[in-house]
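The file run-v4.txt comes next; it holds compact mmCIF, C-alpha atoms.
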# COMPACT_ATOMS: atom_id res chain seq x y z
CA MET A 1 37.83 46.40 54.77
CA MET A 2 37.47 42.66 55.59
CA LYS A 3 34.54 43.43 57.94
CA ILE A 4 32.82 45.30 55.14
CA LEU A 5 33.42 42.43 52.69
CA THR A 6 32.04 39.91 55.20
CA ALA A 7 28.91 41.99 55.79
CA LEU A 8 28.33 42.39 52.06
CA LEU A 9 28.76 38.66 51.50
CA ILE A 10 26.15 37.88 54.17
CA LEU A 11 23.75 40.27 52.44
CA ILE A 12 24.25 38.96 48.93
CA ALA A 13 24.30 35.22 49.69
CA PRO A 14 20.50 34.82 50.02
CA LEU A 15 19.96 36.72 46.76
CA ALA A 16 22.29 34.73 44.52
CA PRO A 17 21.32 31.47 42.78
CA ALA A 18 22.74 28.28 44.27
CA GLU A 19 24.93 27.67 41.19
CA GLY A 20 26.50 31.12 41.37
CA GLN A 21 30.26 31.61 41.65
CA PHE A 22 31.08 34.00 44.48
CA TYR A 23 33.92 36.48 44.29
CA PHE A 24 35.29 39.40 46.23
CA ARG A 25 37.40 42.36 45.24
CA GLY A 26 39.11 45.28 46.92
CA GLY A 27 40.75 48.35 45.53
CA TYR A 28 40.61 52.09 45.02
CA MET A 29 38.45 54.50 43.11
CA VAL A 30 38.62 58.01 41.72
CA GLY A 31 35.50 60.09 41.08
CA SER A 32 34.44 63.59 40.17
CA SER A 33 31.32 65.78 40.37
CA PRO A 34 30.51 69.02 38.52
CA ASN A 35 30.17 70.83 41.90
CA GLN A 36 29.06 74.15 40.35
CA VAL A 37 27.36 75.44 43.51
CA LEU A 38 30.04 74.31 45.97
CA ASN A 39 32.87 75.61 43.81
CA GLY A 40 31.04 78.91 43.44
CA LEU A 41 31.09 79.22 47.24
CA ILE A 42 34.81 78.43 47.27
CA ASP A 43 35.33 81.23 44.75
CA ARG A 44 33.45 83.52 47.16
CA TYR A 45 35.76 82.42 49.98
CA ASN A 46 38.81 83.35 47.93
CA ALA A 47 37.36 86.67 46.75
CA ALA A 48 36.48 87.67 50.34
CA ARG A 49 40.13 87.17 51.40
CA PRO A 50 42.24 89.09 48.85
CA TRP A 51 45.19 88.98 51.23
CA MET A 52 45.57 85.21 50.72
CA GLU A 53 48.51 84.16 48.56
CA ASN A 54 47.43 80.50 48.55
CA LYS A 55 43.83 80.27 47.38
CA MET A 56 41.40 77.52 48.34
CA PRO A 57 41.32 75.02 45.42
CA THR A 58 37.98 74.05 43.96
CA MET A 59 36.55 70.58 44.55
CA ALA A 60 37.33 68.46 41.51
CA VAL A 61 38.48 64.89 42.26
CA MET A 62 37.50 62.63 45.14
CA HIS A 63 39.17 59.30 45.84
CA GLY A 64 39.22 56.50 48.36
CA PRO A 65 38.94 52.76 49.06
CA ALA A 66 36.34 50.44 47.56
CA ALA A 67 35.30 46.85 48.24
CA SER A 68 32.60 44.53 47.02
CA VAL A 69 31.39 40.95 46.90
CA GLY A 70 29.44 39.38 44.09
CA GLY A 71 28.04 36.28 42.51
CA ARG A 72 28.28 35.22 38.90
CA PHE A 73 25.52 33.06 37.40
CA GLY A 74 25.53 32.34 33.71
CA SER A 75 26.22 35.51 31.79
CA PHE A 76 25.03 37.76 34.65
CA THR A 77 26.90 39.23 37.61
CA MET A 78 25.34 40.54 40.80
CA ASP A 79 27.35 42.56 43.33
CA LEU A 80 27.11 44.63 46.49
CA SER A 81 29.71 47.37 46.84
CA TRP A 82 30.94 49.91 49.38
CA LYS A 83 32.95 52.99 48.41
CA ARG A 84 34.30 55.89 50.45
CA LEU A 85 35.29 59.03 48.55
CA ARG A 86 36.94 62.11 49.99
CA GLN A 87 38.62 65.35 48.98
CA LEU A 88 40.32 67.74 51.39
CA ASN A 89 41.32 71.28 50.41
CA SER A 90 43.06 73.83 52.64
CA ALA A 91 43.64 77.58 52.70
CA PRO A 92 44.57 80.29 55.22
CA GLU A 93 41.93 81.89 57.45
CA MET A 94 41.72 84.48 60.23
CA ASP A 95 40.17 83.28 63.47
CA THR A 96 37.97 85.45 65.71
CA LEU A 97 41.08 86.84 67.44
CA GLY A 98 42.68 87.87 64.17
CA ASN A 99 45.24 85.05 64.19
CA LEU A 100 46.24 83.37 60.96
CA VAL A 101 45.14 79.71 61.01
CA ASN A 102 44.47 76.95 58.49
CA ARG A 103 41.01 76.04 57.21
CA ASP A 104 40.26 72.56 55.88
CA LEU A 105 37.24 72.04 53.66
CA ILE A 106 36.24 68.40 53.19
CA LEU A 107 33.78 66.76 50.80
CA ARG A 108 33.07 63.19 51.92
CA SER A 109 30.85 60.48 50.46
CA ASP A 110 29.98 56.92 51.46
CA ASN A 111 28.22 54.86 48.79
CA PHE A 112 26.51 51.47 48.99
CA ASN A 113 25.56 49.97 45.64
CA TYR A 114 23.64 46.97 44.34
CA GLY A 115 24.66 46.18 40.77
CA LEU A 116 23.44 43.81 38.08
CA SER A 117 25.51 43.40 34.91
CA THR A 118 25.50 41.19 31.84
CA ASP A 119 28.33 40.02 29.60
CA LEU A 120 28.78 42.03 26.41
CA PHE A 121 32.11 40.61 25.23
CA VAL A 122 33.98 37.60 26.66
CA THR A 123 37.27 35.85 25.83
CA ASP A 124 39.48 33.48 27.84
CA VAL A 125 41.38 36.49 29.24
CA VAL A 126 39.16 39.58 29.02
CA SER A 127 35.48 40.25 29.59
CA PHE A 128 33.47 43.45 29.18
CA CYS A 129 30.10 43.91 30.85
CA GLY A 130 27.42 46.55 31.17
CA GLY A 131 24.83 47.03 33.87
CA LEU A 132 22.85 49.20 36.24
CA THR A 133 23.20 49.99 39.94
CA VAL A 134 20.87 51.05 42.72
CA ASP A 135 22.82 53.37 45.01
CA PHE A 136 22.48 54.66 48.54
CA ASN A 137 24.63 57.73 49.12
CA LEU A 138 25.67 59.59 52.27
CA LEU A 139 27.31 62.92 51.51
CA SER A 140 28.63 65.69 53.74
CA VAL A 141 30.62 68.92 53.61
CA LEU A 142 32.78 69.59 56.67
CA THR A 143 35.25 72.22 57.81
CA GLN A 144 37.92 72.50 60.48
CA LEU A 145 40.04 75.39 61.68
CA THR A 146 43.38 74.85 63.37
CA GLY A 147 42.82 73.97 67.02
CA GLN A 148 39.06 73.54 66.66
CA GLU A 149 36.70 70.60 66.28
CA LYS A 150 35.59 69.47 62.85
CA ARG A 151 32.10 70.76 62.00
CA THR A 152 29.50 69.65 59.46
CA LEU A 153 28.29 72.41 57.12
CA GLY A 154 25.80 70.29 55.24
CA SER A 155 24.77 66.68 54.75
CA THR A 156 22.32 64.60 52.79
CA ASN A 157 21.54 60.96 52.10
CA GLY A 158 19.23 59.00 49.86
CA PHE A 159 18.91 56.70 46.89
CA GLY A 160 20.02 57.06 43.31
CA ILE A 161 20.67 55.05 40.18
CA GLY A 162 23.78 54.47 38.13
CA ALA A 163 25.46 52.59 35.33
CA GLN A 164 28.66 50.56 35.37
CA PHE A 165 30.83 48.94 32.69
CA PRO A 166 33.18 46.38 34.27
CA ILE A 167 36.33 45.39 32.34
CA LEU A 168 37.85 42.22 33.79
CA VAL A 169 41.29 40.78 32.99
CA HIS A 170 41.89 37.22 34.22
CA PHE A 171 45.48 36.33 35.15
CA GLY A 172 44.68 32.67 35.87
CA GLY A 173 44.59 30.91 39.21
CA GLY A 174 41.41 32.70 40.25
CA VAL A 175 43.01 36.17 40.34
CA GLY A 176 42.50 39.14 38.06
CA ILE A 177 42.18 42.89 37.86
CA GLU A 178 38.97 44.77 37.21
CA MET A 179 38.40 48.34 36.06
CA ILE A 180 34.88 49.76 36.29
CA PRO A 181 33.92 53.07 34.70
CA TYR A 182 30.73 54.26 36.37
CA VAL A 183 28.25 57.10 36.70
CA SER A 184 25.89 57.64 39.64
CA TYR A 185 22.94 60.03 39.80
CA PRO A 186 21.34 60.67 43.22
CA PHE A 187 17.67 61.54 43.61
CA HIS A 188 18.47 63.96 46.47
CA ASN A 189 20.43 67.17 46.86
CA MET A 190 22.23 69.13 49.57
CA ASP A 191 21.42 72.64 50.74
CA LEU A 192 24.76 74.48 50.78
CA TYR A 193 23.48 77.73 52.30
CA PRO A 194 25.15 76.89 55.67
CA THR A 195 28.39 76.50 53.71
CA LEU A 196 27.91 80.00 52.30
CA GLN A 197 27.38 81.34 55.83
CA GLU A 198 30.66 79.77 56.91
CA LEU A 199 32.81 80.68 53.91
CA ASP A 200 31.49 84.20 53.25
CA PRO A 201 29.74 85.40 56.44
CA ALA A 202 30.14 89.10 55.62
CA ASN A 203 27.97 88.83 52.52
CA ALA A 204 25.71 85.87 53.37
CA ALA A 205 23.23 88.01 55.32
CA ASN A 206 22.58 90.14 52.22
CA LEU A 207 22.00 87.18 49.91
CA PRO A 208 18.87 85.03 49.46
CA THR A 209 18.76 81.81 51.46
CA ASP A 210 17.62 79.67 48.53
CA GLY A 211 19.36 78.76 45.30
CA TYR A 212 22.23 76.87 46.92
CA LYS A 213 21.07 73.29 46.49
CA GLN A 214 23.33 70.90 44.59
CA THR A 215 22.80 67.39 43.26
CA PHE A 216 26.12 65.57 43.46
CA LEU A 217 26.22 63.62 40.21
CA ASN A 218 29.33 61.46 40.40
CA TYR A 219 31.35 59.66 37.72
CA GLY A 220 34.73 58.03 37.63
CA MET A 221 36.62 54.73 37.70
CA SER A 222 37.13 51.94 40.21
CA PHE A 223 40.26 49.75 40.19
CA TYR A 224 40.07 46.33 41.84
CA LEU A 225 42.09 43.21 42.53
CA ARG A 226 39.53 40.44 42.07
CA PHE A 227 39.47 36.92 43.45
CA GLY A 228 37.16 34.38 41.83
CA GLY A 229 33.98 34.51 39.76
CA PHE A 230 35.50 34.52 36.28
CA PRO A 231 33.73 33.50 33.04
CA GLU A 232 34.18 29.82 32.23
This structure in structure tokens:
Amino acid sequence: MMKILTALLILIAPLAPAEGQFYFRGGYMVGSSPNQVLNGLIDRYNAARPWMENKMPTMAVMHGPAASVGGRFGSFTMDLSWKRLRQLNSAPEMDTLGNLVNRDLILRSDNFNYGLSTDLFVTDVVSFCGGLTVDFNLLSVLTQLTGQEKRTLGSTNGFGIGAQFPILVHFGGGVGIEMIPYVSYPFHNMDLYPTLQELDPANAANLPTDGYKQTFLNYGMSFYLRFGGFPE
């Protein structure tokens, strides 16, 4: 995480005004997407295997580490952030030899965000801000059977926009905690037809190849320990 913070700081330094107060923060985040198309394919997987007692759960909540650096100048805050979200679900499967194995299904996302926020409410202890982000997202769906290599069933990357609402609590001594509700909307989608072919091969050949694209709108909350850059 320190390498990521250092790289982000190098990127943001030329963009921030000379009088800006730099800060960095690290923590964890939890996010969710509607996932209607992907979860529909998971339902197909379960329906095609009625013998399974333990069904494959739907994709609902992703989580993972987050880090960012920023600069505060006046009532505005500028930051560059990195976030890695992941959810892994598992269920039984039959391999080509008829042996019972385990199937992992993984939804993974790496996000790089540039954010600009302004103060909406500030006291000596608490501040509340609102702002916008420009996002670059890398998203993939992967699977792995017991004893086999992990394989990618679909991937996409591209830009998007978002909104964030940082809530900062200052403990004193340059340390505080920060909670950031956010929403991120990508301008790109992923074709999940290869995922259909993997999860329901018996029926995929009889189904149309289009209609399986999904835009992974994401919303959730980040939780940070923050060092520096507090309102004066």
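For the set A:Gly64, A:Gly172, A:Pro50, A:Gly131, the residue with the smallest atom-to-atom gap to Ser32 in chain A is A:Gly64, counting all atoms listed in the file.
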Coordinates-based distance that separates CA of Asp110 in chain A from CA of Ile180 in chain A (Å, one decimal): 17.5 Å
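If you look at CA of Glu198 in chain A and CA of Thr143 in chain A, they are 8.9 Å away from each other.
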Would you list the contacts of range 81-87 of chain A as a PDB file with C-alpha atoms, in the frame of the given file, taking every protein, DNA or RNA residue within 10 Å and counting all atoms listed in the file, but skipping same-chain residues closer than 6 positions in sequence?
ATOM      1  CA  MET A   1      37.830  46.400  54.770  1.00  0.00           C
ATOM      2  CA  ILE A   4      32.820  45.300  55.140  1.00  0.00           C
ATOM      3  CA  LEU A   5      33.420  42.430  52.690  1.00  0.00           C
ATOM      4  CA  LEU A   8      28.330  42.390  52.060  1.00  0.00           C
ATOM      5  CA  LEU A   9      28.760  38.660  51.500  1.00  0.00           C
ATOM      6  CA  PHE A  24      35.290  39.400  46.230  1.00  0.00           C
ATOM      7  CA  ARG A  25      37.400  42.360  45.240  1.00  0.00           C
ATOM      8  CA  GLY A  26      39.110  45.280  46.920  1.00  0.00           C
ATOM      9  CA  GLY A  27      40.750  48.350  45.530  1.00  0.00           C
ATOM     10  CA  TYR A  28      40.610  52.090  45.020  1.00  0.00           C
ATOM     11  CA  MET A  29      38.450  54.500  43.110  1.00  0.00           C
ATOM     12  CA  VAL A  30      38.620  58.010  41.720  1.00  0.00           C
ATOM     13  CA  GLY A  31      35.500  60.090  41.080  1.00  0.00           C
ATOM     14  CA  SER A  32      34.440  63.590  40.170  1.00  0.00           C
ATOM     15  CA  MET A  59      36.550  70.580  44.550  1.00  0.00           C
ATOM     16  CA  ALA A  60      37.330  68.460  41.510  1.00  0.00           C
ATOM     17  CA  VAL A  61      38.480  64.890  42.260  1.00  0.00           C
ATOM     18  CA  MET A  62      37.500  62.630  45.140  1.00  0.00           C
ATOM     19  CA  HIS A  63      39.170  59.300  45.840  1.00  0.00           C
ATOM     20  CA  GLY A  64      39.220  56.500  48.360  1.00  0.00           C
ATOM     21  CA  PRO A  65      38.940  52.760  49.060  1.00  0.00           C
ATOM     22  CA  ALA A  66      36.340  50.440  47.560  1.00  0.00           C
ATOM     23  CA  ALA A  67      35.300  46.850  48.240  1.00  0.00           C
ATOM     24  CA  SER A  68      32.600  44.530  47.020  1.00  0.00           C
ATOM     25  CA  VAL A  69      31.390  40.950  46.900  1.00  0.00           C
ATOM     26  CA  GLY A  70      29.440  39.380  44.090  1.00  0.00           C
ATOM     27  CA  LEU A 105      37.240  72.040  53.660  1.00  0.00           C
ATOM     28  CA  ILE A 106      36.240  68.400  53.190  1.00  0.00           C
ATOM     29  CA  LEU A 107      33.780  66.760  50.800  1.00  0.00           C
ATOM     30  CA  ARG A 108      33.070  63.190  51.920  1.00  0.00           C
ATOM     31  CA  SER A 109      30.850  60.480  50.460  1.00  0.00           C
ATOM     32  CA  ASP A 110      29.980  56.920  51.460  1.00  0.00           C
ATOM     33  CA  ASN A 111      28.220  54.860  48.790  1.00  0.00           C
ATOM     34  CA  PHE A 112      26.510  51.470  48.990  1.00  0.00           C
ATOM     35  CA  ASN A 113      25.560  49.970  45.640  1.00  0.00           C
ATOM     36  CA  TYR A 114      23.640  46.970  44.340  1.00  0.00           C
ATOM     37  CA  GLY A 115      24.660  46.180  40.770  1.00  0.00           C
ATOM     38  CA  THR A 133      23.200  49.990  39.940  1.00  0.00           C
ATOM     39  CA  ASP A 135      22.820  53.370  45.010  1.00  0.00           C
ATOM     40  CA  PHE A 136      22.480  54.660  48.540  1.00  0.00           C
ATOM     41  CA  ASN A 137      24.630  57.730  49.120  1.00  0.00           C
ATOM     42  CA  LEU A 138      25.670  59.590  52.270  1.00  0.00           C
ATOM     43  CA  LEU A 139      27.310  62.920  51.510  1.00  0.00           C
ATOM     44  CA  SER A 140      28.630  65.690  53.740  1.00  0.00           C
ATOM     45  CA  VAL A 141      30.620  68.920  53.610  1.00  0.00           C
ATOM     46  CA  SER A 222      37.130  51.940  40.210  1.00  0.00           C
TER      47      SER A 222
END
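Nearest-residue note for Leu88 in chain A: choosing from A:Met179, A:Pro57, A:Asn157, A:Ala205, the minimum distance belongs to A:Pro57, counting all atoms listed in the file.
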